[in-house]
>>> print(open('query16.txt').read())   # compact mmCIF, C-alpha atoms and all ligand atoms
# COMPACT_ATOMS: atom_id res chain seq x y z
CA MET K 28 24.14 -0.80 -0.03
CA LEU K 29 23.00 -1.21 -3.61
CA ASN K 30 21.53 1.83 -5.19
CA LYS K 31 19.42 1.19 -8.27
CA ASN K 32 17.98 4.65 -8.58
CA PRO K 33 20.51 7.17 -9.85
CA SER K 34 18.34 10.15 -8.91
CA ARG K 35 18.68 9.23 -5.24
CA VAL K 36 22.44 8.92 -5.23
CA PRO K 37 23.26 12.35 -3.79
CA LEU K 38 20.62 11.96 -1.11
CA MET K 39 21.86 8.50 -0.15
CA ARG K 40 25.42 9.79 0.06
CA PHE K 41 24.18 12.46 2.35
CA VAL K 42 22.33 9.97 4.52
CA LEU K 43 25.24 7.54 4.65
CA GLY K 44 27.53 10.44 5.41
CA ALA K 45 25.25 11.56 8.22
CA VAL K 46 25.17 8.03 9.61
CA SER K 47 28.90 7.66 9.82
CA VAL K 48 29.42 11.15 11.24
CA ALA K 49 26.70 10.59 13.83
CA ALA K 50 28.18 7.19 14.66
CA LEU K 51 31.62 8.69 15.18
CA LEU K 52 30.47 11.65 17.23
CA ALA K 53 27.79 10.06 19.36
CA GLY K 54 28.86 6.43 19.33
CA ALA K 55 25.41 5.66 17.91
CA PRO K 56 24.34 2.12 18.71
CA ALA K 57 23.67 -0.25 15.83
CA ARG K 58 19.93 -0.64 15.57
CA ALA K 59 19.95 -4.12 14.07
CA ALA K 60 17.98 -5.40 17.04
CA GLU K 61 14.98 -3.10 16.49
CA PRO K 62 11.71 -4.84 15.50
CA VAL K 63 11.32 -2.30 12.69
CA GLN K 64 13.86 -1.98 9.89
CA PRO K 65 14.47 0.85 7.44
CA ILE K 66 12.86 0.50 4.07
CA GLU K 67 15.32 -0.08 1.28
CA LEU K 68 15.26 1.49 -2.16
CA PRO K 69 13.19 -0.21 -4.87
CA LYS K 70 14.70 -3.49 -5.92
CA ALA K 71 15.86 -3.71 -9.51
CA VAL K 72 12.81 -3.73 -11.74
CA ASN K 73 12.79 -3.95 -15.49
CA PRO K 74 12.56 -0.23 -16.38
CA ALA K 75 10.81 -0.79 -19.73
CA GLN K 76 8.16 -2.97 -18.06
CA ALA K 77 7.70 -0.42 -15.28
CA GLU K 78 7.29 2.43 -17.78
CA LEU K 79 4.64 0.49 -19.71
CA GLY K 80 3.03 -0.50 -16.39
CA LYS K 81 2.83 3.16 -15.43
CA LYS K 82 0.78 3.89 -18.57
CA LEU K 83 -1.57 1.01 -17.78
CA TRP K 84 -1.82 2.20 -14.17
CA PHE K 85 -3.14 5.57 -15.32
CA ASP K 86 -5.20 4.33 -18.30
CA PRO K 87 -8.96 4.59 -17.59
CA ARG K 88 -9.69 2.73 -20.81
CA LEU K 89 -9.02 -0.46 -18.85
CA SER K 90 -12.44 0.14 -17.29
CA ARG K 91 -15.87 -0.17 -18.89
CA SER K 92 -16.62 3.46 -18.15
CA GLY K 93 -13.38 4.70 -19.66
CA PHE K 94 -13.17 6.77 -16.49
CA ILE K 95 -11.73 4.62 -13.70
CA SER K 96 -8.04 3.74 -13.56
CA CYS K 97 -5.99 2.07 -10.86
CA ASN K 98 -5.04 5.58 -9.80
CA SER K 99 -8.72 6.49 -9.15
CA CYS K 100 -8.73 4.42 -5.97
CA HIS K 101 -4.97 4.38 -5.28
CA ASN K 102 -4.18 8.01 -5.94
CA LEU K 103 -0.43 8.49 -5.92
CA SER K 104 -0.96 12.12 -4.96
CA MET K 105 -2.68 10.94 -1.76
CA GLY K 106 -0.47 8.21 -0.38
CA GLY K 107 -1.67 5.58 -2.87
CA SER K 108 -5.19 5.46 -1.43
CA ASP K 109 -8.50 7.26 -2.09
CA ASN K 110 -9.08 8.64 1.42
CA LEU K 111 -12.67 7.34 1.27
CA LYS K 112 -14.29 5.09 3.81
CA THR K 113 -14.88 2.51 1.09
CA SER K 114 -14.09 2.98 -2.61
CA ILE K 115 -16.47 4.09 -5.35
CA GLY K 116 -16.65 1.65 -8.25
CA HIS K 117 -18.25 1.50 -11.69
CA ASN K 118 -21.50 3.47 -11.92
CA TRP K 119 -20.88 5.03 -8.50
CA GLN K 120 -21.29 1.69 -6.75
CA LYS K 121 -20.51 1.69 -3.06
CA GLY K 122 -17.41 -0.43 -2.55
CA PRO K 123 -17.35 -3.15 0.10
CA ILE K 124 -14.06 -2.29 1.78
CA ASN K 125 -11.44 0.41 2.34
CA SER K 126 -8.78 0.80 -0.34
CA PRO K 127 -5.34 -0.04 1.09
CA THR K 128 -2.32 1.93 -0.04
CA VAL K 129 -0.28 0.53 -2.93
CA LEU K 130 2.86 2.22 -1.58
CA ASN K 131 5.35 -0.44 -0.46
CA SER K 132 2.76 -3.15 -1.14
CA SER K 133 5.44 -5.29 -2.80
CA LEU K 134 6.82 -5.80 0.74
CA ASN K 135 3.62 -7.48 1.97
CA MET K 136 3.53 -11.27 2.15
CA ALA K 137 0.20 -11.29 0.27
CA GLN K 138 -2.23 -8.81 -1.29
CA PHE K 139 -5.74 -7.71 -0.19
CA TRP K 140 -7.07 -7.45 3.36
CA ASP K 141 -7.70 -11.20 3.35
CA GLY K 142 -4.53 -12.08 1.43
CA ARG K 143 -6.42 -13.79 -1.38
CA ALA K 144 -3.84 -12.76 -4.00
CA GLU K 145 -0.37 -14.15 -3.54
CA ASP K 146 1.48 -11.29 -5.21
CA LEU K 147 1.10 -8.07 -7.18
CA ARG K 148 0.84 -9.85 -10.53
CA GLU K 149 -2.01 -12.01 -9.35
CA GLN K 150 -3.66 -8.99 -7.72
CA ALA K 151 -3.53 -6.73 -10.79
CA GLY K 152 -5.94 -8.86 -12.82
CA GLY K 153 -8.62 -8.54 -10.13
CA PRO K 154 -9.87 -4.95 -10.31
CA ILE K 155 -10.11 -4.83 -14.11
CA ALA K 156 -12.64 -7.68 -14.17
CA ASN K 157 -14.37 -6.84 -10.86
CA PRO K 158 -17.93 -5.67 -11.71
CA GLY K 159 -17.89 -3.40 -8.65
CA GLU K 160 -14.61 -1.74 -9.61
CA MET K 161 -13.55 -1.34 -13.26
CA ALA K 162 -16.33 -3.65 -14.54
CA PHE K 163 -14.41 -4.82 -17.61
CA THR K 164 -13.24 -8.28 -18.69
CA HIS K 165 -9.70 -9.40 -19.39
CA GLU K 166 -10.70 -10.11 -23.02
CA LEU K 167 -12.11 -6.60 -23.50
CA ALA K 168 -9.07 -5.06 -21.84
CA VAL K 169 -6.72 -6.93 -24.14
CA ASP K 170 -8.89 -6.08 -27.20
CA MET K 171 -8.75 -2.42 -26.20
CA LEU K 172 -4.95 -2.46 -25.99
CA ARG K 173 -4.63 -4.40 -29.28
CA SER K 174 -6.72 -1.75 -31.02
CA ILE K 175 -4.14 0.93 -30.18
CA PRO K 176 -1.08 0.75 -32.46
CA GLN K 177 1.28 2.48 -30.03
CA TYR K 178 0.42 -0.02 -27.28
CA VAL K 179 0.91 -2.95 -29.67
CA ALA K 180 4.35 -1.64 -30.57
CA GLU K 181 5.32 -0.96 -26.96
CA PHE K 182 4.22 -4.40 -25.69
CA LYS K 183 6.19 -5.99 -28.52
CA GLN K 184 9.25 -3.97 -27.65
CA VAL K 185 9.00 -4.72 -23.92
CA PHE K 186 8.06 -8.42 -24.04
CA GLY K 187 9.48 -9.40 -27.45
CA SER K 188 6.28 -11.09 -28.55
CA ASP K 189 3.18 -10.24 -30.59
CA LYS K 190 0.83 -11.89 -28.12
CA LEU K 191 -0.22 -8.95 -25.95
CA SER K 192 -1.86 -11.03 -23.24
CA ILE K 193 -3.40 -10.24 -19.86
CA ALA K 194 -0.32 -11.89 -18.30
CA GLU K 195 1.84 -9.21 -19.92
CA VAL K 196 -0.56 -6.51 -18.70
CA THR K 197 -0.38 -7.69 -15.09
CA THR K 198 3.40 -8.22 -15.26
CA ALA K 199 3.90 -4.63 -16.43
CA ILE K 200 1.55 -3.18 -13.78
CA ALA K 201 3.29 -5.19 -11.05
CA ALA K 202 6.69 -3.93 -12.26
CA PHE K 203 5.45 -0.35 -11.93
CA GLU K 204 4.04 -1.07 -8.47
CA GLU K 205 7.41 -2.43 -7.35
CA THR K 206 8.86 1.04 -7.92
CA LEU K 207 6.34 2.57 -5.47
CA ILE K 208 8.62 2.39 -2.43
CA THR K 209 8.94 5.26 0.04
CA PRO K 210 12.43 5.24 1.59
CA ASN K 211 14.16 7.67 3.92
CA ALA K 212 11.34 8.52 6.31
CA ARG K 213 12.56 10.46 9.36
CA PHE K 214 12.18 7.30 11.39
CA ASP K 215 14.46 5.42 8.95
CA GLN K 216 17.05 8.16 9.29
CA TRP K 217 16.87 7.62 13.04
CA LEU K 218 17.14 3.83 12.64
CA LYS K 219 20.26 4.40 10.59
CA GLY K 220 21.85 6.38 13.37
CA ASP K 221 20.81 10.03 12.99
CA MET K 222 19.72 10.74 16.56
CA LYS K 223 18.29 14.14 15.66
CA ALA K 224 15.96 12.84 12.95
CA ILE K 225 13.10 12.41 15.45
CA ASN K 226 12.25 14.51 18.49
CA ASP K 227 11.70 13.46 22.12
CA GLN K 228 7.96 13.06 21.79
CA GLU K 229 8.30 10.90 18.67
CA LEU K 230 10.91 8.74 20.40
CA ARG K 231 8.63 8.32 23.44
CA GLY K 232 5.89 7.29 21.03
CA TYR K 233 8.14 4.64 19.47
CA GLN K 234 9.17 3.31 22.87
CA LEU K 235 5.52 3.01 23.89
CA PHE K 236 4.70 1.41 20.50
CA LYS K 237 7.26 -1.26 21.42
CA SER K 238 6.53 -1.67 25.13
CA ALA K 239 2.74 -1.70 24.71
CA GLY K 240 3.05 -4.56 22.21
CA CYS K 241 2.07 -2.94 18.89
CA VAL K 242 5.24 -4.41 17.35
CA ALA K 243 3.98 -7.94 17.93
CA CYS K 244 1.91 -7.37 14.79
CA HIS K 245 3.30 -4.20 13.17
CA ASN K 246 6.93 -5.13 12.57
CA GLY K 247 9.52 -5.49 9.81
CA PRO K 248 10.37 -2.80 7.26
CA ASN K 249 6.69 -2.23 6.44
CA LEU K 250 5.45 -2.23 10.08
CA GLY K 251 2.87 -4.75 8.91
CA GLY K 252 2.24 -7.07 6.01
CA THR K 253 3.97 -9.97 7.79
CA SER K 254 0.96 -11.80 9.27
CA PHE K 255 -2.81 -12.16 9.47
CA GLN K 256 -4.22 -11.25 12.87
CA LYS K 257 -7.57 -11.12 14.57
CA MET K 258 -9.23 -7.70 14.53
CA GLY K 259 -10.38 -7.54 18.15
CA LEU K 260 -8.05 -9.90 19.97
CA ILE K 261 -9.00 -8.76 23.48
CA GLU K 262 -12.33 -7.04 22.87
CA PRO K 263 -14.62 -7.66 19.86
CA TYR K 264 -14.55 -5.04 17.11
CA GLN K 265 -17.99 -3.62 16.30
CA THR K 266 -18.69 -2.97 12.62
CA ASP K 267 -21.51 -3.17 10.06
CA ASN K 268 -19.03 -4.23 7.38
CA PRO K 269 -19.70 -7.84 6.36
CA ALA K 270 -16.06 -8.69 5.48
CA GLU K 271 -14.98 -11.93 7.16
CA GLY K 272 -11.25 -11.59 6.64
CA ARG K 273 -9.02 -14.61 6.15
CA TYR K 274 -11.94 -16.99 6.72
CA ALA K 275 -13.25 -16.05 3.25
CA VAL K 276 -10.12 -17.62 1.75
CA THR K 277 -9.40 -20.58 4.03
CA LYS K 278 -12.91 -21.40 5.37
CA ASN K 279 -11.14 -22.14 8.63
CA ASP K 280 -13.33 -20.92 11.50
CA ALA K 281 -10.30 -20.02 13.61
CA GLU K 282 -9.37 -17.41 10.99
CA ARG K 283 -12.70 -15.61 10.95
CA PHE K 284 -12.10 -11.85 11.21
CA ASN K 285 -8.35 -12.24 10.77
CA PHE K 286 -7.02 -9.53 8.47
CA LYS K 287 -3.64 -8.87 6.98
CA VAL K 288 -1.89 -6.48 9.36
CA PRO K 289 -1.71 -3.29 7.28
CA THR K 290 1.52 -1.37 6.80
CA LEU K 291 1.91 1.75 8.96
CA ARG K 292 4.26 3.37 6.45
CA ASN K 293 2.79 6.71 5.27
CA VAL K 294 -0.18 6.13 7.57
CA GLU K 295 -0.46 9.91 8.05
CA LEU K 296 -1.60 10.05 4.39
CA THR K 297 -3.83 6.99 4.16
CA TYR K 298 -6.84 7.83 6.37
CA PRO K 299 -9.50 6.70 7.06
CA TYR K 300 -8.32 3.54 8.83
CA PHE K 301 -9.27 -0.13 9.19
CA HIS K 302 -10.85 -2.40 6.59
CA ASP K 303 -14.19 -0.67 7.08
CA GLY K 304 -12.67 2.83 7.05
CA ALA K 305 -14.38 3.53 10.39
CA ALA K 306 -11.55 5.46 12.07
CA ASP K 307 -11.25 8.97 10.66
CA THR K 308 -8.17 10.00 12.57
CA LEU K 309 -4.94 8.42 13.73
CA ALA K 310 -5.81 9.26 17.33
CA ARG K 311 -8.96 7.19 17.03
CA ALA K 312 -7.21 4.29 15.29
CA VAL K 313 -4.51 4.20 18.00
CA ASP K 314 -7.13 4.32 20.76
CA THR K 315 -9.07 1.43 19.18
CA MET K 316 -5.93 -0.65 18.64
CA GLY K 317 -4.81 -0.14 22.23
CA ARG K 318 -8.15 -1.22 23.65
CA ILE K 319 -9.18 -4.10 21.40
CA GLN K 320 -5.80 -5.61 20.52
CA LEU K 321 -3.91 -5.05 23.76
CA GLY K 322 -6.46 -4.27 26.47
CA LYS K 323 -4.79 -0.89 27.12
CA THR K 324 -6.39 2.52 27.42
CA PHE K 325 -3.81 5.17 26.53
CA SER K 326 -3.84 8.58 28.20
CA THR K 327 -4.28 11.60 25.92
CA GLN K 328 -0.53 12.22 26.17
CA GLU K 329 0.40 8.61 25.36
CA ASN K 330 -1.97 8.58 22.40
CA ALA K 331 -0.49 11.84 21.09
CA ASP K 332 3.04 10.41 21.48
CA ILE K 333 2.21 7.31 19.42
CA VAL K 334 0.50 9.44 16.77
CA ALA K 335 3.58 11.68 16.62
CA PHE K 336 5.76 8.58 16.12
CA LEU K 337 3.47 7.24 13.38
CA LYS K 338 3.85 10.50 11.48
CA THR K 339 7.63 9.97 11.30
CA LEU K 340 6.91 7.00 9.02
CA THR K 341 6.02 9.19 6.04
CA GLY K 342 8.72 8.50 3.47
CA GLU K 343 9.81 10.09 0.23
CA GLN K 344 6.86 9.72 -2.10
CA PRO K 345 7.53 8.27 -5.55
CA ARG K 346 8.09 11.02 -8.09
CA VAL K 347 5.87 10.01 -10.94
CA VAL K 348 5.91 11.91 -14.23
CA LEU K 349 2.37 11.70 -15.54
CA PRO K 350 2.44 9.55 -18.70
CA ILE K 351 0.84 10.70 -21.93
CA LEU K 352 -1.33 7.81 -23.09
CA PRO K 353 -1.43 6.68 -26.72
CA PRO K 354 -4.63 7.80 -28.51
CA SER K 355 -7.47 5.38 -29.24
CA SER K 356 -7.88 4.23 -32.83
CA ASP K 357 -11.12 4.20 -34.80
CA THR K 358 -11.71 0.60 -33.74
CA THR K 359 -11.12 1.10 -30.00
CA GLN K 360 -14.29 0.33 -28.02
CA ARG K 361 -15.87 3.54 -26.83
CA PRO K 362 -16.44 4.17 -23.10
CA ARG K 363 -19.72 2.99 -21.56
CA PRO K 364 -19.88 5.01 -18.36
CA PHE K 365 -23.60 4.63 -17.66
CA ASP K 366 -24.33 0.95 -18.24
C1 LIG U 401 -12.81 1.09 -7.56
C2 LIG U 401 -11.61 1.26 -6.75
C3 LIG U 401 -10.38 0.47 -7.13
C4 LIG U 401 -9.76 0.39 -8.36
C5 LIG U 401 -10.22 1.00 -9.67
C6 LIG U 401 -8.57 -0.39 -8.15
N1 LIG U 401 -8.46 -0.76 -6.85
FE1 LIG U 401 -6.92 -1.78 -6.02
N2 LIG U 401 -7.99 -1.99 -4.33
C7 LIG U 401 -9.22 -1.41 -4.09
C8 LIG U 401 -9.75 -1.95 -2.86
C9 LIG U 401 -11.08 -1.57 -2.23
C10 LIG U 401 -8.82 -2.90 -2.39
C11 LIG U 401 -8.96 -3.80 -1.19
C12 LIG U 401 -9.81 -4.99 -1.61
C13 LIG U 401 -9.77 -6.15 -0.65
O1 LIG U 401 -8.82 -6.25 0.13
O2 LIG U 401 -10.69 -6.96 -0.67
C14 LIG U 401 -7.71 -2.87 -3.34
C15 LIG U 401 -6.52 -3.59 -3.18
C16 LIG U 401 -5.41 -3.43 -3.99
C17 LIG U 401 -4.09 -3.93 -3.70
C18 LIG U 401 -3.67 -4.70 -2.46
C19 LIG U 401 -2.87 -3.87 -1.52
C20 LIG U 401 -2.65 -4.59 -0.22
O3 LIG U 401 -1.79 -4.17 0.55
O4 LIG U 401 -3.34 -5.56 0.09
C21 LIG U 401 -3.29 -3.60 -4.76
C22 LIG U 401 -1.82 -3.90 -4.93
C23 LIG U 401 -4.14 -2.91 -5.73
N3 LIG U 401 -5.41 -2.81 -5.21
C24 LIG U 401 -3.73 -2.49 -6.98
C25 LIG U 401 -4.64 -2.06 -7.96
C26 LIG U 401 -4.33 -2.01 -9.39
C27 LIG U 401 -3.03 -2.42 -10.04
C28 LIG U 401 -5.45 -1.51 -10.00
C29 LIG U 401 -5.67 -1.25 -11.49
C30 LIG U 401 -5.56 -2.42 -12.35
C31 LIG U 401 -6.43 -1.27 -8.94
N4 LIG U 401 -5.91 -1.65 -7.74
C32 LIG U 401 -7.68 -0.70 -9.17
C33 LIG U 401 -9.83 -0.45 -4.85
C34 LIG U 401 -9.55 -0.27 -6.20
C1 LIG U 402 -2.76 -8.50 17.47
C2 LIG U 402 -2.16 -7.77 16.35
C3 LIG U 402 -2.13 -6.26 16.42
C4 LIG U 402 -1.66 -5.45 17.44
C5 LIG U 402 -1.08 -5.88 18.77
C6 LIG U 402 -1.81 -4.10 16.98
N1 LIG U 402 -2.35 -4.07 15.74
FE1 LIG U 402 -2.75 -2.41 14.64
N2 LIG U 402 -3.69 -3.55 13.26
C7 LIG U 402 -3.79 -4.94 13.29
C8 LIG U 402 -4.71 -5.37 12.27
C9 LIG U 402 -5.10 -6.82 11.95
C10 LIG U 402 -5.18 -4.21 11.63
C11 LIG U 402 -6.23 -4.14 10.52
C12 LIG U 402 -7.56 -4.40 11.16
C13 LIG U 402 -8.75 -4.14 10.30
O1 LIG U 402 -8.77 -3.17 9.56
O2 LIG U 402 -9.70 -4.90 10.40
C14 LIG U 402 -4.50 -3.09 12.27
C15 LIG U 402 -4.65 -1.74 11.90
C16 LIG U 402 -3.97 -0.68 12.46
C17 LIG U 402 -4.03 0.67 12.01
C18 LIG U 402 -4.82 1.17 10.80
C19 LIG U 402 -3.99 1.08 9.55
C20 LIG U 402 -4.78 1.27 8.29
O3 LIG U 402 -4.17 1.64 7.27
O4 LIG U 402 -5.99 1.04 8.26
C21 LIG U 402 -3.23 1.43 12.83
C22 LIG U 402 -2.98 2.92 12.73
C23 LIG U 402 -2.70 0.53 13.80
N3 LIG U 402 -3.14 -0.75 13.54
C24 LIG U 402 -1.85 0.91 14.86
C25 LIG U 402 -1.57 0.08 15.93
C26 LIG U 402 -0.99 0.54 17.16
C27 LIG U 402 -0.56 1.95 17.45
C28 LIG U 402 -0.91 -0.55 17.98
C29 LIG U 402 -0.47 -0.59 19.42
C30 LIG U 402 -1.23 0.24 20.30
C31 LIG U 402 -1.42 -1.68 17.23
N4 LIG U 402 -1.83 -1.26 16.01
C32 LIG U 402 -1.46 -2.98 17.72
C33 LIG U 402 -3.13 -5.79 14.17
C34 LIG U 402 -2.57 -5.37 15.36
>>> encode(input="query16.txt", output="structure tokens", more="lines below")
Ligand code: HEC
Ligand code: HEC
Amino acid sequence: MLNKNPSRVPLMRFVLGAVSVAALLAGAPARAAEPVQPIELPKAVNPAQAELGKKLWFDPRLSRSGFISCNSCHNLSMGGSDNLKTSIGHNWQKGPINSPTVLNSSLNMAQFWDGRAEDLREQAGGPIANPGEMAFTHELAVDMLRSIPQYVAEFKQVFGSDKLSIAEVTTAIAAFEETLITPNARFDQWLKGDMKAINDQELRGYQLFKSAGCVACHNGPNLGGTSFQKMGLIEPYQTDNPAEGRYAVTKNDAERFNFKVPTLRNVELTYPYFHDGAADTLARAVDTMGRIQLGKTFSTQENADIVAFLKTLTGEQPRVVLPILPPSSDTTQRPRPFD
């Protein structure tokens, strides 16, 4: 196993050690056949790009108000989400849809609930220019950065060019986002052979998660992010939210109300659930999923077992040292929070 992150080396040794000891003592079966795989450590990202991307991630001057940063709606202290039903945008506008977590989002086949952005780079340009989110323009964002000498110097150092373009901005943000991986959840430890990493109830929950059919859609290392699926396969889903899902992108009627299957990694932290944020608790989300996707009504005990399993998917959260942002210069546009 490649290990790109030196700070995790001792921990990984410990885990690998535990795996081999457990395998020797208990004859632990290889779990290659499971529909869920452990999450691997962040792939190699350019560290200088990621460091610059981290500053941009936290910089509210990329918004018209000078107050909203990526972290406002994807708070890395709260599982990379805002824990609101739908997000609050510029001028306290009510957002149209629930903010998905950015943790492990590099593992998804596409970005946004309807998959309209192919990858993180393409996605990162969206919120800056979205009038309902950061309400800026790409030109103003680039002008802002060019007015700050320390940013100019850092972009030049990282990209080797004087251009400082929006493409460089989104490349750096995407590099930072690729570091936001949460490995070594208790469930991953179990997948790797540590039988004691999850308890009996959590194991029952996983078995039911498989036998009931949840894994048909929530599979792979991210337990989601691998397909678009109808919300309300067996029974229609009732909501006031006007989002149409994949249909908005493809205009194919068969894909109306198909949404990207969200990851269940760290789902304990990313409430409320569904694209409309209608389910406040995991118990409610599991109940809804059982009924409308699978035609199953779980008993209170079964529901609690699945919820217990889902909570084993909380991984090690990225340790982010808060960046100190370079000061504005006299020519930097001043914030316009109220217009
Ligand atoms: C005002 C709140 C808000 C701000 C600010 C914001 N986002 Fe988002 N973000 C959202 C919402 C809401 C969605 C879902 C939109 C959709 O699917 O239509 C989203 C979706 C995403 C996704 C897709 C995740 C997935 O699994 O589909 C990523 C990645 C992301 N944002 C990154 C960023 C970055 C980078 C920034 C800063 C440049 C940013 N966001 C700023 C609210 C926000
Ligand atoms: C047919 C595919 C499918 C099946 C089967 C399925 N899901 Fe889902 N799941 C989805 C989709 C699509 C969403 C997002 C729907 C939306 O928000 O409109 C979702 C959302 C969720 C969420 C909310 C995640 C979030 O961050 O908002 C949870 C929790 C969840 N599913 C758990 C389960 C469980 C537990 C089962 C089995 C009982 C299950 N799902 C079965 C497709 C499926």
>>> residues_around(input="query16.txt", residues="Val242 of chain K", least_positions_apart="2", cutoff="12 Å", atoms="all atoms listed in the file", output="PyMOL selection string")
chain K and resi 61-64+233-240+244-251+253-254+288+290-291+316-317+320-321
>>> write_last_selection(input="query16.txt", atoms="C-alpha atoms", output="mmCIF file, keeping the file's coordinate frame")
data_model
loop_
_atom_site.group_PDB
_atom_site.id
_atom_site.type_symbol
_atom_site.label_atom_id
_atom_site.label_comp_id
_atom_site.auth_asym_id
_atom_site.auth_seq_id
_atom_site.Cartn_x
_atom_site.Cartn_y
_atom_site.Cartn_z
ATOM 1 C CA GLU K 61 14.980 -3.100 16.490
ATOM 2 C CA PRO K 62 11.710 -4.840 15.500
ATOM 3 C CA VAL K 63 11.320 -2.300 12.690
ATOM 4 C CA GLN K 64 13.860 -1.980 9.890
ATOM 5 C CA TYR K 233 8.140 4.640 19.470
ATOM 6 C CA GLN K 234 9.170 3.310 22.870
ATOM 7 C CA LEU K 235 5.520 3.010 23.890
ATOM 8 C CA PHE K 236 4.700 1.410 20.500
ATOM 9 C CA LYS K 237 7.260 -1.260 21.420
ATOM 10 C CA SER K 238 6.530 -1.670 25.130
ATOM 11 C CA ALA K 239 2.740 -1.700 24.710
ATOM 12 C CA GLY K 240 3.050 -4.560 22.210
ATOM 13 C CA CYS K 244 1.910 -7.370 14.790
ATOM 14 C CA HIS K 245 3.300 -4.200 13.170
ATOM 15 C CA ASN K 246 6.930 -5.130 12.570
ATOM 16 C CA GLY K 247 9.520 -5.490 9.810
ATOM 17 C CA PRO K 248 10.370 -2.800 7.260
ATOM 18 C CA ASN K 249 6.690 -2.230 6.440
ATOM 19 C CA LEU K 250 5.450 -2.230 10.080
ATOM 20 C CA GLY K 251 2.870 -4.750 8.910
ATOM 21 C CA THR K 253 3.970 -9.970 7.790
ATOM 22 C CA SER K 254 0.960 -11.800 9.270
ATOM 23 C CA VAL K 288 -1.890 -6.480 9.360
ATOM 24 C CA THR K 290 1.520 -1.370 6.800
ATOM 25 C CA LEU K 291 1.910 1.750 8.960
ATOM 26 C CA MET K 316 -5.930 -0.650 18.640
ATOM 27 C CA GLY K 317 -4.810 -0.140 22.230
ATOM 28 C CA GLN K 320 -5.800 -5.610 20.520
ATOM 29 C CA LEU K 321 -3.910 -5.050 23.760
#
>>> closest_residue(input="query16.txt", among="K:Lys257, K:Lys81, K:Arg346, K:Arg88", to="Ala162 of chain K", atoms="only C-alpha atoms")
K:Arg88
>>> atom_distance(input="query16.txt", atom1="atom C10 of ligand LIG 402 (chain U)", atom2="atom CA of Met161 of chain K")
26.4 Å
>>> residues_near_ligand(input="query16.txt", ligand="ligand LIG 401 (chain U)", cutoff="7 Å", atoms="all atoms listed in the file", output="ChimeraX atom specification")
/K:84,95-101,113-117,122-129,132,135,137-142,147,150-152,154-155,159-161,200-201,289
>>> closest_residue(input="query16.txt", among="K:Asp189, K:Asp86, K:Glu229, K:Glu271", to="ligand LIG 402 (chain U)", atoms="all atoms listed in the file")
K:Glu271
>>> closest_residue(input="query16.txt", among="K:Ile66, K:Asp332, K:Pro74, K:Gln120", to="Asp227 of chain K", atoms="all atoms listed in the file")
K:Asp332
>>> atom_distance(input="query16.txt", atom1="atom CA of Asp357 of chain K", atom2="atom CA of Ala180 of chain K")
17.1 Å
>>> atom_distance(input="query16.txt", atom1="atom C33 of ligand LIG 402 (chain U)", atom2="atom CA of Cys241 of chain K")
7.6 Å
>>> residues_around(input="query16.txt", residues="Arg91 of chain K", least_positions_apart="2", cutoff="10 Å", atoms="only C-alpha atoms", output="VMD selection string")
chain K and resid 87 to 89 93 to 95 117 to 118 155 to 156 158 160 to 164 167 to 168 360 to 366
>>> closest_residue(input="query16.txt", among="K:Phe284, K:Phe336, K:Phe182, K:Phe85", to="Ala199 of chain K", atoms="all atoms listed in the file")
K:Phe182
>>> axis_aligned_box(input="query16.txt", around="ligand LIG 402 (chain U)", padding_each_side="6 Å", output="JSON")
{"center_x": -5.1, "center_y": -2.8, "center_z": 13.8, "size_x": 21.2, "size_y": 23.4, "size_z": 25.0}
>>> residues_near_point(input="query16.txt", point="(-13.6, -0.2, -31.8)", cutoff="10 Å", atoms="all atoms listed in the file", output="PyMOL selection string")
chain K and resi 170-171+174-175+355-361
>>> residues_around(input="query16.txt", residues="Pro354 of chain K", least_positions_apart="6", cutoff="10 Å", atoms="all atoms listed in the file", output="PyMOL selection string")
chain K and resi 175-178
